[in-house]
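As provided, coords.txt (compact mmCIF, C-alpha atoms) reads as follows.
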# COMPACT_ATOMS: atom_id res chain seq x y z
CA MET F 23 0.00 0.00 0.00
CA THR F 24 1.36 3.42 -0.99
CA LYS F 25 1.83 5.64 2.05
CA SER F 26 0.75 9.27 2.20
CA PHE F 27 4.33 10.32 2.93
CA ARG F 28 7.64 9.58 1.21
CA THR F 29 9.91 7.03 2.92
CA LEU F 30 13.36 5.53 2.40
CA ASP F 31 11.69 3.07 0.03
CA ASP F 32 11.18 6.02 -2.35
CA ILE F 33 14.66 7.53 -2.04
CA GLY F 34 16.36 5.62 -4.87
CA GLU F 35 20.14 5.23 -5.27
CA VAL F 36 22.09 6.81 -2.40
CA HIS F 37 25.60 5.42 -2.95
CA GLY F 38 28.09 8.28 -2.78
CA ARG F 39 25.32 10.84 -2.19
CA ARG F 40 25.28 13.20 0.78
CA VAL F 41 22.14 12.62 2.86
CA LEU F 42 21.20 15.07 5.61
CA VAL F 43 19.35 13.11 8.30
CA ARG F 44 17.48 15.02 11.02
CA GLU F 45 17.58 12.96 14.21
CA ASP F 46 16.85 13.59 17.88
CA LEU F 47 20.14 13.32 19.78
CA ASN F 48 18.94 15.51 22.66
CA VAL F 49 19.81 12.95 25.33
CA PRO F 50 20.38 13.49 29.08
CA LEU F 51 24.01 13.84 30.15
CA ALA F 52 25.55 13.55 33.63
CA ASP F 53 29.29 13.90 34.14
CA GLY F 54 29.82 13.47 30.42
CA ARG F 55 27.87 10.21 30.30
CA VAL F 56 24.58 9.59 28.49
CA THR F 57 22.15 8.42 31.18
CA ASP F 58 19.40 7.31 28.76
CA ASP F 59 20.36 6.32 25.20
CA THR F 60 16.78 5.59 24.01
CA ARG F 61 16.85 8.40 21.46
CA LEU F 62 20.27 7.37 20.15
CA ARG F 63 19.08 3.78 19.66
CA ALA F 64 15.99 5.02 17.80
CA THR F 65 18.21 6.48 15.06
CA VAL F 66 20.12 3.28 14.28
CA ALA F 67 17.69 1.79 11.74
CA THR F 68 17.81 4.82 9.44
CA VAL F 69 21.46 5.81 9.84
CA ALA F 70 22.76 2.25 9.47
CA GLU F 71 20.55 1.51 6.44
CA LEU F 72 21.75 4.60 4.59
CA ALA F 73 25.41 4.03 5.51
CA ASP F 74 25.19 0.37 4.46
CA LYS F 75 23.89 1.51 1.07
CA GLY F 76 26.91 3.76 0.65
CA ALA F 77 25.41 7.12 1.50
CA ILE F 78 27.50 9.80 3.15
CA VAL F 79 25.30 10.28 6.21
CA LEU F 80 25.28 13.73 7.81
CA VAL F 81 23.25 13.79 11.02
CA LEU F 82 21.54 17.06 11.97
CA ALA F 83 20.28 17.53 15.53
CA HIS F 84 19.82 20.06 18.29
CA PHE F 85 21.10 19.72 21.84
CA GLY F 86 19.78 21.81 24.71
CA ARG F 87 18.73 25.44 24.26
CA PRO F 88 21.78 27.46 23.15
CA LYS F 89 19.55 30.17 21.56
CA GLY F 90 22.09 30.87 18.84
CA VAL F 91 25.05 31.11 21.22
CA PRO F 92 27.57 28.25 20.81
CA SER F 93 28.89 26.70 24.03
CA ALA F 94 30.78 23.59 25.09
CA GLU F 95 27.82 22.54 27.29
CA THR F 96 25.48 22.39 24.28
CA SER F 97 27.96 21.00 21.76
CA LEU F 98 27.13 17.73 20.03
CA ALA F 99 30.85 16.89 20.11
CA GLN F 100 30.20 15.29 23.51
CA ILE F 101 27.62 12.92 21.99
CA VAL F 102 29.91 11.47 19.30
CA THR F 103 31.67 8.83 21.44
CA PRO F 104 28.47 7.44 23.04
CA TYR F 105 26.84 7.54 19.61
CA GLU F 106 29.67 5.44 18.15
CA ALA F 107 29.04 2.87 20.89
CA VAL F 108 25.34 2.67 20.00
CA LEU F 109 25.90 2.51 16.23
CA GLY F 110 28.85 0.15 16.48
CA ARG F 111 30.76 2.10 13.83
CA PRO F 112 32.92 5.25 13.60
CA VAL F 113 31.23 8.65 13.74
CA ARG F 114 32.91 11.88 12.70
CA TYR F 115 32.22 15.19 14.43
CA VAL F 116 31.74 18.05 11.92
CA ASP F 117 31.98 21.60 13.23
CA TRP F 118 30.15 24.32 11.34
CA GLU F 119 33.45 26.08 10.77
CA GLY F 120 34.85 24.42 7.66
CA ALA F 121 31.94 21.98 7.41
CA ALA F 122 31.88 21.97 3.59
CA ASP F 123 35.59 21.07 3.39
CA ALA F 124 35.19 18.34 6.02
CA VAL F 125 32.19 16.81 4.25
CA ALA F 126 34.08 16.83 0.94
CA THR F 127 36.64 14.40 2.41
CA MET F 128 34.00 11.88 3.56
CA GLN F 129 33.63 8.57 1.74
CA PRO F 130 30.57 6.41 0.92
CA GLY F 131 29.34 4.76 4.11
CA ASP F 132 30.84 7.41 6.40
CA ILE F 133 28.72 8.94 9.17
CA GLY F 134 29.16 12.45 10.50
CA VAL F 135 27.36 14.38 13.23
CA LEU F 136 27.08 18.06 12.41
CA GLU F 137 27.30 20.55 15.24
CA ASN F 138 24.16 21.71 17.08
CA THR F 139 21.65 23.21 14.62
CA ARG F 140 20.57 25.69 17.30
CA PHE F 141 23.98 27.33 17.29
CA PHE F 142 22.30 29.35 14.52
CA GLY F 143 19.76 31.82 15.85
CA GLY F 144 17.77 31.40 12.65
CA GLU F 145 17.26 27.65 13.09
CA GLU F 146 14.16 28.03 15.26
CA LYS F 147 12.88 30.84 13.03
CA ASN F 148 13.15 28.68 9.90
CA ASP F 149 15.42 31.37 8.42
CA PRO F 150 15.91 30.78 4.66
CA ALA F 151 19.61 31.65 5.01
CA VAL F 152 20.07 28.88 7.60
CA VAL F 153 18.07 26.46 5.45
CA ALA F 154 20.36 27.29 2.51
CA ARG F 155 23.47 26.75 4.63
CA PHE F 156 22.26 23.32 5.72
CA ALA F 157 21.04 22.37 2.24
CA ALA F 158 24.39 23.22 0.65
CA LEU F 159 25.95 20.32 2.53
CA GLY F 160 23.58 17.64 1.23
CA GLU F 161 21.77 16.31 -1.81
CA LEU F 162 18.89 14.50 -0.08
CA TYR F 163 17.03 15.09 3.18
CA VAL F 164 15.58 12.55 5.62
CA ASN F 165 13.55 13.55 8.67
CA ASP F 166 13.68 10.84 11.32
CA ALA F 167 12.85 13.03 14.34
CA PHE F 168 9.12 12.89 15.03
CA SER F 169 9.77 14.43 18.46
CA ALA F 170 10.75 17.69 16.72
CA ALA F 171 8.15 17.49 13.93
CA HIS F 172 5.76 19.91 15.63
CA ARG F 173 8.30 22.70 15.14
CA ALA F 174 8.68 24.52 11.82
CA HIS F 175 12.44 24.93 12.13
CA ALA F 176 15.07 25.12 9.40
CA SER F 177 16.26 21.56 10.05
CA THR F 178 12.78 20.05 10.49
CA GLU F 179 10.61 21.83 7.92
CA GLY F 180 12.61 24.26 5.78
CA LEU F 181 15.03 21.62 4.50
CA ALA F 182 12.16 19.44 3.31
CA HIS F 183 11.36 22.12 0.72
CA ALA F 184 14.99 22.73 -0.25
CA LEU F 185 15.96 19.10 -1.00
CA PRO F 186 14.12 15.89 -2.00
CA ALA F 187 12.64 14.86 1.37
CA PHE F 188 11.78 11.49 2.95
CA ALA F 189 10.74 10.02 6.29
CA GLY F 190 13.30 7.88 8.10
CA ARG F 191 12.44 4.49 9.58
CA ALA F 192 11.70 5.79 13.11
CA MET F 193 9.49 8.57 11.70
CA GLU F 194 7.76 6.04 9.44
CA ALA F 195 7.07 3.67 12.35
CA GLU F 196 5.70 6.55 14.42
CA LEU F 197 3.39 7.79 11.67
CA ASP F 198 2.18 4.26 10.90
CA ALA F 199 1.35 3.72 14.58
CA LEU F 200 -0.46 7.04 14.90
CA GLU F 201 -2.49 6.32 11.78
CA LYS F 202 -3.61 3.01 13.32
CA ALA F 203 -4.44 4.72 16.61
CA LEU F 204 -6.50 7.71 15.54
CA GLY F 205 -6.29 8.12 11.76
CA THR F 206 -8.13 4.99 10.62
CA PRO F 207 -8.43 2.94 13.82
CA GLU F 208 -10.39 -0.21 14.37
CA HIS F 209 -13.31 0.54 16.69
CA PRO F 210 -14.18 0.54 19.53
CA VAL F 211 -11.39 2.98 20.44
CA ALA F 212 -10.45 3.91 24.01
CA ALA F 213 -8.25 6.78 25.12
CA VAL F 214 -6.63 7.08 28.54
CA VAL F 215 -5.77 10.68 29.37
CA GLY F 216 -4.15 11.46 32.71
CA GLY F 217 -1.95 14.10 34.20
CA ALA F 218 -2.15 16.86 36.72
CA LYS F 219 -4.17 19.54 35.00
CA VAL F 220 -7.07 19.81 32.58
CA SER F 221 -5.66 23.13 31.35
CA THR F 222 -2.66 21.44 29.71
CA LYS F 223 -4.83 18.95 27.82
CA LEU F 224 -7.99 20.87 26.95
CA ASP F 225 -7.39 20.64 23.21
CA VAL F 226 -6.58 16.93 23.49
CA LEU F 227 -9.82 16.19 25.34
CA LYS F 228 -11.93 18.28 22.96
CA HIS F 229 -10.45 16.50 19.95
CA LEU F 230 -10.70 13.00 21.40
CA VAL F 231 -14.39 13.05 22.33
CA ALA F 232 -15.23 13.20 18.62
CA LYS F 233 -12.76 10.42 17.76
CA VAL F 234 -13.02 7.73 20.44
CA ASP F 235 -15.74 5.53 21.89
CA HIS F 236 -14.41 5.55 25.46
CA LEU F 237 -12.52 8.40 27.16
CA ILE F 238 -10.89 7.37 30.44
CA ILE F 239 -9.85 10.39 32.50
CA GLY F 240 -7.38 9.98 35.37
CA GLY F 241 -4.78 11.90 37.31
CA GLY F 242 -5.42 15.28 38.88
CA MET F 243 -7.53 16.33 35.90
CA ALA F 244 -10.18 13.75 36.87
CA ASN F 245 -10.78 15.77 40.04
CA THR F 246 -11.83 18.79 37.97
CA PHE F 247 -14.37 16.64 36.12
CA LEU F 248 -15.62 15.15 39.40
CA ALA F 249 -16.02 18.65 40.82
CA ALA F 250 -17.96 19.63 37.68
CA ARG F 251 -20.36 16.79 38.51
CA GLY F 252 -20.86 18.11 42.03
CA VAL F 253 -18.38 15.88 43.88
CA ASP F 254 -16.56 17.47 46.84
CA VAL F 255 -12.93 16.53 46.18
CA GLY F 256 -11.60 17.87 49.50
CA LYS F 257 -8.11 19.33 49.19
CA SER F 258 -7.31 17.40 46.01
CA LEU F 259 -5.52 19.09 43.13
CA CYS F 260 -8.44 20.60 41.20
CA GLU F 261 -8.89 23.48 38.74
CA HIS F 262 -12.20 24.74 40.05
CA ASP F 263 -12.17 27.59 37.52
CA LEU F 264 -12.35 25.02 34.71
CA THR F 265 -15.37 23.04 35.89
CA GLY F 266 -17.49 24.88 33.30
CA THR F 267 -15.08 23.78 30.56
CA ALA F 268 -15.19 20.23 31.92
CA GLU F 269 -19.00 20.35 31.64
CA GLU F 270 -18.69 21.46 28.00
CA ILE F 271 -16.37 18.52 27.25
CA LEU F 272 -18.79 16.11 28.95
CA ASP F 273 -21.67 17.55 26.90
CA ALA F 274 -19.66 17.27 23.67
CA ALA F 275 -18.82 13.66 24.50
CA ASP F 276 -22.49 12.92 25.11
CA LYS F 277 -23.44 14.37 21.72
CA ALA F 278 -20.67 12.40 19.98
CA GLY F 279 -21.65 9.10 21.60
CA CYS F 280 -18.37 8.94 23.55
CA THR F 281 -18.58 7.40 27.02
CA VAL F 282 -16.48 9.30 29.58
CA HIS F 283 -15.15 7.18 32.44
CA LEU F 284 -14.39 8.94 35.73
CA PRO F 285 -13.30 7.08 38.87
CA TYR F 286 -16.07 6.15 41.29
CA ASP F 287 -13.75 4.82 43.99
CA VAL F 288 -10.47 6.54 44.81
CA VAL F 289 -7.42 6.26 47.07
CA VAL F 290 -7.09 9.25 49.40
CA ALA F 291 -4.56 10.51 51.93
CA LYS F 292 -4.17 13.57 54.14
CA GLU F 293 -0.66 14.23 52.86
CA PHE F 294 1.21 13.54 49.65
CA ARG F 295 4.29 11.47 50.46
CA ALA F 296 5.48 7.92 50.07
CA ASN F 297 3.35 5.35 51.88
CA PRO F 298 1.20 7.59 54.11
CA PRO F 299 -1.96 6.29 55.79
CA THR F 300 -4.56 5.89 53.00
CA ARG F 301 -8.23 5.07 52.55
CA THR F 302 -10.05 3.67 49.55
CA VAL F 303 -13.45 5.35 49.37
CA ASN F 304 -16.36 6.17 47.09
CA VAL F 305 -15.77 9.57 45.44
CA HIS F 306 -18.67 10.98 47.48
CA GLU F 307 -16.90 10.09 50.74
CA VAL F 308 -13.72 12.18 50.37
CA ALA F 309 -13.19 14.17 53.58
CA ALA F 310 -12.44 17.90 53.53
CA ASP F 311 -8.85 17.33 54.67
CA GLU F 312 -8.12 14.49 52.21
CA MET F 313 -6.78 14.48 48.67
CA ILE F 314 -7.43 12.03 45.86
CA LEU F 315 -4.12 10.52 44.74
CA ASP F 316 -5.11 7.45 42.72
CA VAL F 317 -8.01 5.66 41.10
CA GLY F 318 -9.47 2.91 43.28
CA PRO F 319 -9.27 -0.84 42.58
CA ALA F 320 -12.95 -1.32 41.73
CA ALA F 321 -12.83 1.41 39.08
CA VAL F 322 -9.58 0.01 37.66
CA GLU F 323 -11.12 -3.44 37.34
CA ALA F 324 -14.10 -1.92 35.51
CA LEU F 325 -11.75 0.02 33.21
CA GLY F 326 -9.94 -3.22 32.42
CA ASP F 327 -13.27 -4.70 31.38
CA VAL F 328 -13.81 -1.68 29.09
CA LEU F 329 -10.44 -2.29 27.40
CA LYS F 330 -11.41 -5.92 26.81
CA THR F 331 -14.26 -4.68 24.59
CA CYS F 332 -11.98 -2.36 22.58
CA ARG F 333 -9.77 -2.90 19.55
CA THR F 334 -7.62 0.26 19.79
CA LEU F 335 -6.13 2.19 22.73
CA VAL F 336 -4.37 5.56 22.87
CA TRP F 337 -2.72 6.37 26.21
CA ASN F 338 -1.28 9.65 27.46
CA GLY F 339 -0.64 10.30 31.14
CA PRO F 340 -0.84 8.29 34.38
CA LEU F 341 -4.04 7.57 36.35
CA GLY F 342 -2.56 8.62 39.68
CA ALA F 343 0.56 10.13 41.29
CA PHE F 344 2.47 7.09 40.03
CA GLU F 345 5.96 8.31 41.01
CA THR F 346 5.06 7.87 44.68
CA ALA F 347 3.98 4.51 46.15
CA PRO F 348 1.30 3.35 46.67
CA PHE F 349 -0.32 5.77 44.22
CA ASP F 350 1.10 3.87 41.24
CA ALA F 351 -1.27 0.93 41.71
CA ALA F 352 -4.02 1.96 39.26
CA THR F 353 -1.64 2.94 36.48
CA VAL F 354 0.32 -0.30 36.88
CA ALA F 355 -2.80 -2.47 36.94
CA LEU F 356 -4.46 -0.92 33.87
CA ALA F 357 -1.17 -0.78 31.93
CA ARG F 358 -0.62 -4.49 32.55
CA THR F 359 -4.15 -5.28 31.40
CA ALA F 360 -3.55 -3.29 28.19
CA ALA F 361 -0.21 -5.03 27.68
CA ALA F 362 -1.78 -8.47 28.10
CA LEU F 363 -4.58 -7.66 25.63
CA THR F 364 -1.98 -6.39 23.15
CA LYS F 365 0.12 -9.53 23.50
CA GLU F 366 -2.87 -11.76 22.82
CA GLY F 367 -3.62 -9.76 19.68
CA SER F 368 -6.98 -8.25 20.58
CA LEU F 369 -5.78 -4.65 21.10
CA VAL F 370 -3.63 -2.16 19.19
CA SER F 371 -2.09 0.02 21.91
CA VAL F 372 -0.25 3.28 21.23
CA ALA F 373 1.13 5.45 24.03
CA GLY F 374 3.23 8.59 24.23
CA GLY F 375 4.45 11.50 26.33
CA GLY F 376 7.27 11.66 28.88
CA ASP F 377 5.33 10.72 32.03
CA THR F 378 3.52 8.02 30.07
CA VAL F 379 6.70 6.29 28.96
CA ALA F 380 8.04 6.38 32.52
CA ALA F 381 4.75 5.07 33.92
CA LEU F 382 4.50 2.19 31.44
CA ASN F 383 8.12 1.21 31.99
CA HIS F 384 7.54 1.35 35.75
CA ALA F 385 4.65 -1.07 35.22
CA GLY F 386 6.85 -3.33 33.07
CA ALA F 387 4.27 -2.94 30.32
CA GLY F 388 5.89 -0.61 27.79
CA GLU F 389 7.59 -3.33 25.75
CA SER F 390 4.28 -5.12 25.24
CA PHE F 391 2.44 -2.10 23.83
CA THR F 392 2.12 -1.95 20.05
CA PHE F 393 4.01 1.34 19.98
CA VAL F 394 5.35 3.72 22.62
CA SER F 395 6.35 7.17 21.39
CA THR F 396 9.14 9.01 23.19
CA ALA F 397 7.93 12.29 21.70
CA GLY F 398 6.39 14.72 24.16
CA GLY F 399 5.07 17.90 22.56
CA ALA F 400 4.72 16.38 19.09
CA PHE F 401 2.66 13.46 20.43
CA LEU F 402 0.38 15.83 22.36
CA GLU F 403 -0.12 18.11 19.34
CA TRP F 404 -0.96 15.06 17.24
CA MET F 405 -3.54 14.05 19.88
CA GLU F 406 -4.95 17.57 19.59
CA GLY F 407 -5.49 17.00 15.86
CA ARG F 408 -2.99 19.63 14.80
CA GLU F 409 -0.95 19.51 11.61
CA LEU F 410 2.72 18.89 12.38
CA PRO F 411 4.90 21.00 10.04
CA GLY F 412 7.73 18.45 9.92
CA VAL F 413 5.29 15.73 8.87
CA ALA F 414 3.25 17.84 6.45
CA ALA F 415 6.45 18.65 4.55
CA LEU F 416 6.99 14.93 3.82
CA LEU F 417 3.58 14.28 2.32
CA ARG F 418 3.35 13.23 -1.30
CA ASP F 419 2.18 15.90 -3.74
As structure tokens, please, write out the structure in this file.
Amino acid sequence: MTKSFRTLDDIGEVHGRRVLVREDLNVPLADGRVTDDTRLRATVATVAELADKGAIVLVLAHFGRPKGVPSAETSLAQIVTPYEAVLGRPVRYVDWEGAADAVATMQPGDIGVLENTRFFGGEEKNDPAVVARFAALGELYVNDAFSAAHRAHASTEGLAHALPAFAGRAMEAELDALEKALGTPEHPVAAVVGGAKVSTKLDVLKHLVAKVDHLIIGGGMANTFLAARGVDVGKSLCEHDLTGTAEEILDAADKAGCTVHLPYDVVVAKEFRANPPTRTVNVHEVAADEMILDVGPAAVEALGDVLKTCRTLVWNGPLGAFETAPFDAATVALARTAAALTKEGSLVSVAGGGDTVAALNHAGAGESFTFVSTAGGAFLEWMEGRELPGVAALLRD
């Protein structure tokens, strides 16, 4: 089946050709060591495939927030050695000073990491002069960084118009998964949306009620919806000023035939810390000096039964304050149910967002999901139904 976007399968002969590959190498560093190489490993499929076919691979990436001011702390030079370890082959560091001369000496199959794209102030402004400077180094362009695709930067969007442009393997896998999840999903579709505040996910919730059959709301944002329904949530985190907006979302869901699931039993405590005294109560029994910190076991069991009736699941955000025991119980239980359903082949499960990845890994469920996106902002904007500039630029004419 022909895809709506151009991929490496469309790129043609690359031997001896200079291919600019936009990747996400923005990894955490501590004492010069990469503490999480997930993003580096995600680039291997594309970079290795192109190098094996004889391309001269020039990796473009940002690192940190230099705002156009070069510094040693935000230099990609410090990523080269750990990147070599992940790729299992030599990687050359290419400074912007004399970049053209350095690239001219590279041979088919060589891999180079160009210096931080954000050392140019015009990178984030999609400045045509910066686009031209990047484009002059390559003949073809591959975007493999979905996590940066929501930004119309020179290296993520501008280059796609300056050179023949294609999606890399990681980008392709991400877009395929998202298409299965919300583009043309198999129904019934469930969405789990958690997190602290409704205000950060208003657009997500408004978009989802028209797309999914079941909307499961957890985290602190569930308290705002409970309050909108007249529940006294005690001293729980709650955006009381948004209860009217919550009502509008509930009304929109009702009109769209989307069932909204809010917790009816909850785990409460008088203070938020590890392993305090807790109670599991009906939502109407929360005391004035208590706060809701997790979804209760009866509600979680019912939510598991909902997932068993579904064919597709999109997950963003934890159900409770999962970083602190015992308020991880609901997230862990539902994640494991989703993982088991995925493994048996009855559910396509797609998850994304920073807290989500951490929560699913904590539950030991992430590897069993159909797809887990490490993208934060780009995944959220996709869930909001927005066009992502870096993706739009790869679409076929």
May I ask which of the residues F:Ala107, F:Ala275, F:Ala362, F:Ala99 is the closest one to Gly386 (chain F), counting all atoms listed in the file?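 Using all atoms listed in the file, the shortest distance to Gly386 (chain F) belongs to F:Ala362.
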Please provide the set of residues having any atom within 9 Å of region 317-333 of chain F, restricted to all atoms listed in the file, with same-chain residues fewer than 6 positions apart removed, written as an mmCIF file with C-alpha atoms, in the frame of the given file.
data_model
loop_
_atom_site.group_PDB
_atom_site.id
_atom_site.type_symbol
_atom_site.label_atom_id
_atom_site.label_comp_id
_atom_site.auth_asym_id
_atom_site.auth_seq_id
_atom_site.Cartn_x
_atom_site.Cartn_y
_atom_site.Cartn_z
ATOM 1 C CA PRO F 207 -8.430 2.940 13.820
ATOM 2 C CA GLU F 208 -10.390 -0.210 14.370
ATOM 3 C CA HIS F 209 -13.310 0.540 16.690
ATOM 4 C CA PRO F 210 -14.180 0.540 19.530
ATOM 5 C CA VAL F 211 -11.390 2.980 20.440
ATOM 6 C CA ALA F 212 -10.450 3.910 24.010
ATOM 7 C CA ASP F 235 -15.740 5.530 21.890
ATOM 8 C CA HIS F 236 -14.410 5.550 25.460
ATOM 9 C CA ILE F 238 -10.890 7.370 30.440
ATOM 10 C CA GLY F 240 -7.380 9.980 35.370
ATOM 11 C CA GLY F 241 -4.780 11.900 37.310
ATOM 12 C CA HIS F 283 -15.150 7.180 32.440
ATOM 13 C CA LEU F 284 -14.390 8.940 35.730
ATOM 14 C CA PRO F 285 -13.300 7.080 38.870
ATOM 15 C CA TYR F 286 -16.070 6.150 41.290
ATOM 16 C CA ASP F 287 -13.750 4.820 43.990
ATOM 17 C CA VAL F 288 -10.470 6.540 44.810
ATOM 18 C CA VAL F 289 -7.420 6.260 47.070
ATOM 19 C CA THR F 302 -10.050 3.670 49.550
ATOM 20 C CA VAL F 303 -13.450 5.350 49.370
ATOM 21 C CA ASN F 304 -16.360 6.170 47.090
ATOM 22 C CA LEU F 341 -4.040 7.570 36.350
ATOM 23 C CA GLY F 342 -2.560 8.620 39.680
ATOM 24 C CA PHE F 349 -0.320 5.770 44.220
ATOM 25 C CA ALA F 351 -1.270 0.930 41.710
ATOM 26 C CA ALA F 352 -4.020 1.960 39.260
ATOM 27 C CA THR F 353 -1.640 2.940 36.480
ATOM 28 C CA ALA F 355 -2.800 -2.470 36.940
ATOM 29 C CA LEU F 356 -4.460 -0.920 33.870
ATOM 30 C CA THR F 359 -4.150 -5.280 31.400
ATOM 31 C CA ALA F 360 -3.550 -3.290 28.190
ATOM 32 C CA LEU F 363 -4.580 -7.660 25.630
ATOM 33 C CA SER F 368 -6.980 -8.250 20.580
ATOM 34 C CA LEU F 369 -5.780 -4.650 21.100
ATOM 35 C CA VAL F 370 -3.630 -2.160 19.190
ATOM 36 C CA SER F 371 -2.090 0.020 21.910
#
To one decimal place in Å, what is the distance between CA of Arg39 (chain F) and CA of Ile78 (chain F)? 5.9 Å
Please report, as lines of an AutoDock Vina configuration file, the centre and edge lengths in Å to one decimal of an axis-aligned box covering all listed atoms of region 168-177 of chain F with 4 Å per side.
center_x = 11.0
center_y = 19.0
center_z = 13.9
size_x = 18.5
size_y = 20.2
size_z = 17.1
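Compared by their closest atoms to Gly160 (chain F), and using all atoms listed in the file, the residues F:Gly279, F:Gly90, F:Gly131, F:Gly38 rank with F:Gly38 nearest.
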Compile the contact shell of region 215-222 of chain F as a ChimeraX atom specification: residues with an atom at most 9 Å away, counting only C-alpha atoms, same-chain residues fewer than 6 positions apart removed. /F:237-244,246-247,259-261,264,268,336-343,377-378
Test item: which residues lie within 7 Å of (-2.3, 11.2, 2.0) counting all atoms listed in the file, as a PyMOL selection string: chain F and resi 25-27+417-418
Please, what distance in Å, to one decimal, runs between CA of Ser169 (chain F) and CA of Asp198 (chain F)?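 CA of Asp198 (chain F) lies 14.8 Å from CA of Ser169 (chain F).
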So that I can see what lies close to Leu416 (chain F), please list as a PDB file with C-alpha atoms, keeping the file's coordinate frame the residues with an atom at most 10 Å from it, counting only C-alpha atoms and leaving out residues fewer than 3 positions away in the same chain.
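In the end it all went to result-v3.pdb:
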ATOM      1  CA  SER F  26       0.750   9.270   2.200  1.00  0.00           C
ATOM      2  CA  PHE F  27       4.330  10.320   2.930  1.00  0.00           C
ATOM      3  CA  ARG F  28       7.640   9.580   1.210  1.00  0.00           C
ATOM      4  CA  THR F  29       9.910   7.030   2.920  1.00  0.00           C
ATOM      5  CA  VAL F 164      15.580  12.550   5.620  1.00  0.00           C
ATOM      6  CA  ASN F 165      13.550  13.550   8.670  1.00  0.00           C
ATOM      7  CA  GLU F 179      10.610  21.830   7.920  1.00  0.00           C
ATOM      8  CA  ALA F 182      12.160  19.440   3.310  1.00  0.00           C
ATOM      9  CA  HIS F 183      11.360  22.120   0.720  1.00  0.00           C
ATOM     10  CA  PRO F 186      14.120  15.890  -2.000  1.00  0.00           C
ATOM     11  CA  ALA F 187      12.640  14.860   1.370  1.00  0.00           C
ATOM     12  CA  PHE F 188      11.780  11.490   2.950  1.00  0.00           C
ATOM     13  CA  ALA F 189      10.740  10.020   6.290  1.00  0.00           C
ATOM     14  CA  PRO F 411       4.900  21.000  10.040  1.00  0.00           C
ATOM     15  CA  GLY F 412       7.730  18.450   9.920  1.00  0.00           C
ATOM     16  CA  VAL F 413       5.290  15.730   8.870  1.00  0.00           C
ATOM     17  CA  ASP F 419       2.180  15.900  -3.740  1.00  0.00           C
TER      18      ASP F 419
END
Please determine, counting only C-alpha atoms, which residue among F:Ser97, F:Thr139, F:Thr103, F:Gln129 has the shortest atom-to-atom distance to Val81 (chain F). F:Thr139
With all atoms listed in the file as the atoms that count, which of F:Val116, F:Arg408, F:Ala192, F:Gly180 lies nearest to Pro150 (chain F)? F:Gly180
Atom pair CA of Met193 (chain F) + CA of Glu389 (chain F), distance 18.5 Å
Considering all atoms listed in the file, return as a list in words whatever protein or nucleic-acid residues lie within 12 Å of Thr300 (chain F), sequence-local ones (same chain, fewer than 6 positions apart) excluded.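 Counting all atoms listed in the file, the residues come to Val288, Val289, Val290, Ala291, Lys292, Glu293, Phe294, Val308, Ala309, Glu312, Met313, Ile314, Leu315, Asp316, Gly318, Ala347, Pro348 and Phe349 of chain F.
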How close does each residue of region 122-227 of chain F get to region 54-70 of chain F, giving the shortest atom pair and distance in Å to one decimal for every residue with an atom at most 8 Å away, counting only C-alpha atoms, sorted by chain and residue number, as CSV?
residue,atom,partner,partner_atom,distance
F:Ile133,CA,F:Val69,CA,7.9
F:Asp166,CA,F:Thr65,CA,7.3
F:Gly190,CA,F:Thr68,CA,5.6
F:Arg191,CA,F:Thr68,CA,5.4
F:Ala192,CA,F:Ala64,CA,6.4
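Residues surrounding Phe393 (chain F) within 8 Å are F:Glu196, F:Ala199, F:Ser371, F:Val372, F:Ala373 [only C-alpha atoms; sequence separation below 3 positions excluded].
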Counting all atoms listed in the file, I want the residues whose atoms come within 9 Å of (-8.7, 17.0, 18.2) in the file frame, returned as a compact mmCIF listing (two decimals) with C-alpha atoms, in the frame of the given file.
# COMPACT_ATOMS: atom_id res chain seq x y z
CA ASP F 225 -7.39 20.64 23.21
CA VAL F 226 -6.58 16.93 23.49
CA LEU F 227 -9.82 16.19 25.34
CA LYS F 228 -11.93 18.28 22.96
CA HIS F 229 -10.45 16.50 19.95
CA LEU F 230 -10.70 13.00 21.40
CA VAL F 231 -14.39 13.05 22.33
CA ALA F 232 -15.23 13.20 18.62
CA LYS F 233 -12.76 10.42 17.76
CA GLU F 403 -0.12 18.11 19.34
CA TRP F 404 -0.96 15.06 17.24
CA MET F 405 -3.54 14.05 19.88
CA GLU F 406 -4.95 17.57 19.59
CA GLY F 407 -5.49 17.00 15.86
CA ARG F 408 -2.99 19.63 14.80
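Closest approach to Asn245 (chain F) among F:Arg140, F:Lys223, F:Lys257, F:Arg40 is made by F:Lys257 (distances from all atoms listed in the file).
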